[in-house]
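To keep things clear, I will list the structure first and then write my remarks on it.
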Amino acid sequence: MSAGGLANALGALGQFAARRPRVETCELCATPLAGDHPHLVDPKAHKLLCACLACALLFGSQASGKYKRVPRRIRFMPGFRLTDAEWASLMIPINMAFFFKSSPEARVVAQYPSPAGATESQLPLDTWSDLAAANPALADMESDVEALLVNRLGPVRGYPSPEYYLLPIDECYKLVWLIRAHWQGFSGGAAVWKELESYFADLKARSEGSYA
């Protein structure tokens, strides 16, 4: 994702995650928005837009249009297959990352959150092919608007086993924003880990169910 596109994504997600008092408006028609509103993605520009329901339905349903509507479904996958050795081979420097298919770039993009924002990691195509072969549910991941989120923070952070989700891309950038907004010092501080605990508990609570 480009620096400008990431800034737009973080700005949009930061606005609703922080629940700022000012009234947000649809970025397409300027209609005032509720706190929980749809999002659209411009895949070529790597831009996330806040939208009213009418614009989300209109622009997000056009097969050849500029925008794609971000879905709402969240799927928890306790049976996901990824060994410690396979994770290490991805060479992601932290134990959390998300992966999405970019249709304009015709590849899978891997990013991980950090205090500075989202950072892209180079992902060999054969690595994703191996993951997809071992986990058929990845075939259902919709390009540009859905992602695989990996949480391998481990028992020291309160997660006895790795967690894997197929979820909307805006949830990933909400996670990025939470870390960027609450990180303090070298280890992050208590506040950011509390925010992450709430974030992942909320994902599970809103999950449609467990998927292999």
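Labels for the structure tokens follow display order: chains A, B, ..., residues from 1 in each chain, ligands from 1.
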
Quick one: pick out all strand (DSSP E or B) residues within region 83-190 of chain A from a backbone DSSP run and write them as number ranges by chain. A: 96-102, 107-114, 117-121, 146-151, 163-168, 184, 188

Would you export the selected residues with C-alpha atoms as an mmCIF file, in the first residue's frame, please?
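Written output follows (out-v1.cif):
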data_model
loop_
_atom_site.group_PDB
_atom_site.id
_atom_site.type_symbol
_atom_site.label_atom_id
_atom_site.label_comp_id
_atom_site.auth_asym_id
_atom_site.auth_seq_id
_atom_site.Cartn_x
_atom_site.Cartn_y
_atom_site.Cartn_z
ATOM 1 C CA MET A 96 1.101 -10.587 13.748
ATOM 2 C CA ALA A 97 0.330 -9.858 10.090
ATOM 3 C CA PHE A 98 -2.439 -9.726 7.519
ATOM 4 C CA PHE A 99 -2.557 -10.894 3.923
ATOM 5 C CA PHE A 100 -4.851 -9.817 1.078
ATOM 6 C CA LYS A 101 -5.099 -10.405 -2.651
ATOM 7 C CA SER A 102 -4.477 -7.259 -4.686
ATOM 8 C CA ARG A 107 -0.375 -10.792 -6.135
ATOM 9 C CA VAL A 108 -0.874 -11.384 -2.429
ATOM 10 C CA VAL A 109 0.238 -8.487 -0.229
ATOM 11 C CA ALA A 110 1.549 -9.173 3.291
ATOM 12 C CA GLN A 111 1.571 -6.354 5.841
ATOM 13 C CA TYR A 112 2.210 -6.153 9.563
ATOM 14 C CA PRO A 113 1.226 -3.419 12.033
ATOM 15 C CA SER A 114 3.809 -1.323 13.825
ATOM 16 C CA GLY A 117 1.750 2.185 10.669
ATOM 17 C CA ALA A 118 1.432 -0.756 8.286
ATOM 18 C CA THR A 119 4.647 -2.141 6.811
ATOM 19 C CA GLU A 120 4.721 -4.372 3.759
ATOM 20 C CA SER A 121 6.689 -7.616 3.806
ATOM 21 C CA GLU A 146 -10.971 -9.306 2.707
ATOM 22 C CA ALA A 147 -7.807 -10.462 4.464
ATOM 23 C CA LEU A 148 -6.287 -13.280 6.459
ATOM 24 C CA LEU A 149 -5.286 -11.947 9.882
ATOM 25 C CA VAL A 150 -2.685 -13.946 11.824
ATOM 26 C CA ASN A 151 -2.242 -13.483 15.576
ATOM 27 C CA GLU A 163 -5.510 -17.250 16.071
ATOM 28 C CA TYR A 164 -6.502 -16.895 12.423
ATOM 29 C CA TYR A 165 -9.351 -14.882 10.940
ATOM 30 C CA LEU A 166 -10.800 -14.172 7.508
ATOM 31 C CA LEU A 167 -12.200 -10.698 7.893
ATOM 32 C CA PRO A 168 -12.882 -7.332 6.223
ATOM 33 C CA GLN A 184 4.234 3.793 24.127
ATOM 34 C CA GLY A 188 4.168 -0.755 23.776
#

Find the residues near region 126-135 of chain A: any atom within 8 Å, counting only C-alpha atoms, skip ones fewer than 4 places away on the same chain, and give them as a PyMOL selection string. chain A and resi 80-82+90+108+139+212

Output N, CA and C atoms of each residue in that selection to a file, as a compact mmCIF listing (two decimals), in the first residue's frame.
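Saved as result_23.txt:
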# COMPACT_ATOMS: atom_id res chain seq x y z
N PHE A 80 -6.93 -23.67 11.16
CA PHE A 80 -6.00 -23.19 10.14
C PHE A 80 -4.64 -23.85 10.30
N ARG A 81 -4.03 -24.23 9.19
CA ARG A 81 -2.77 -24.97 9.21
C ARG A 81 -1.60 -24.06 8.82
N LEU A 82 -0.77 -23.78 9.82
CA LEU A 82 0.45 -22.99 9.59
C LEU A 82 1.44 -23.37 10.69
N LEU A 90 8.29 -16.93 6.49
CA LEU A 90 7.73 -15.69 5.96
C LEU A 90 8.58 -14.48 6.33
N VAL A 108 -0.46 -11.46 -3.82
CA VAL A 108 -0.87 -11.38 -2.43
C VAL A 108 0.06 -10.42 -1.70
N ALA A 139 -9.56 -19.90 -0.43
CA ALA A 139 -10.12 -19.70 -1.77
C ALA A 139 -11.34 -18.78 -1.73
N ALA A 212 -12.73 -24.30 9.18
CA ALA A 212 -11.47 -25.05 9.12
C ALA A 212 -10.51 -24.34 8.16

Env of Pro115 (chain A): 9 Å cut, atoms = only C-alpha atoms, seq-sep filter 6 positions within chain, self excluded. Answer as a list in words.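 These residues fall inside the cut-off: Val176, Trp177, Ile179, Arg180, Ala181, His182, Trp183, Gln184 and Gly188 of chain A.
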
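Nearest to Cys55 (chain A) of all the residues A:Pro38, A:Pro162, A:Pro71, A:Pro43 is A:Pro38, counting only C-alpha atoms.
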
d(CA of Ala54 (chain A), CA of Tyr199 (chain A)) in Å: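 So the answer is 28.3 Å.
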
Using the chain letters and numbers from this document, which residues of region 123-178 of chain A does DSSP assign to alpha helix (DSSP H), as JSON, numbers by chain? {"A": [125, 126, 127, 128, 129, 130, 131, 132, 133, 134, 169, 170, 171, 172, 173, 174, 175, 176, 177, 178]}

Quick one: of A:His37, A:Ala51, A:Thr31, A:Phe76, who's nearest to Ala201 (chain A), counting only C-alpha atoms? A:Phe76

Calculated over only C-alpha atoms, which of the candidates A:Leu123, A:Ala191, A:Met77, A:Tyr159 has the smallest distance to Leu138 (chain A)? A:Met77

For Glu105 (chain A), which of A:Glu195, A:Ala88, A:Ser143, A:Gly185 is the closest residue, counting only C-alpha atoms? A:Ser143

Show me, as a list in words, the residues that have an atom within 8 Å of Val41 (chain A) when counting only C-alpha atoms, minus same-chain residues fewer than 5 positions from it.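 Answer for this query is His46, Lys47, Leu48, Leu49, Tyr67, Lys68, Arg69, Val70, Asp144 and Val145 of chain A.
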
For Val156 (chain A), which residue among A:Phe59, A:Phe200, A:Trp87, A:Trp193 is the nearest when counting only C-alpha atoms?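 Under the stated criterion, the closest residue is A:Trp193.
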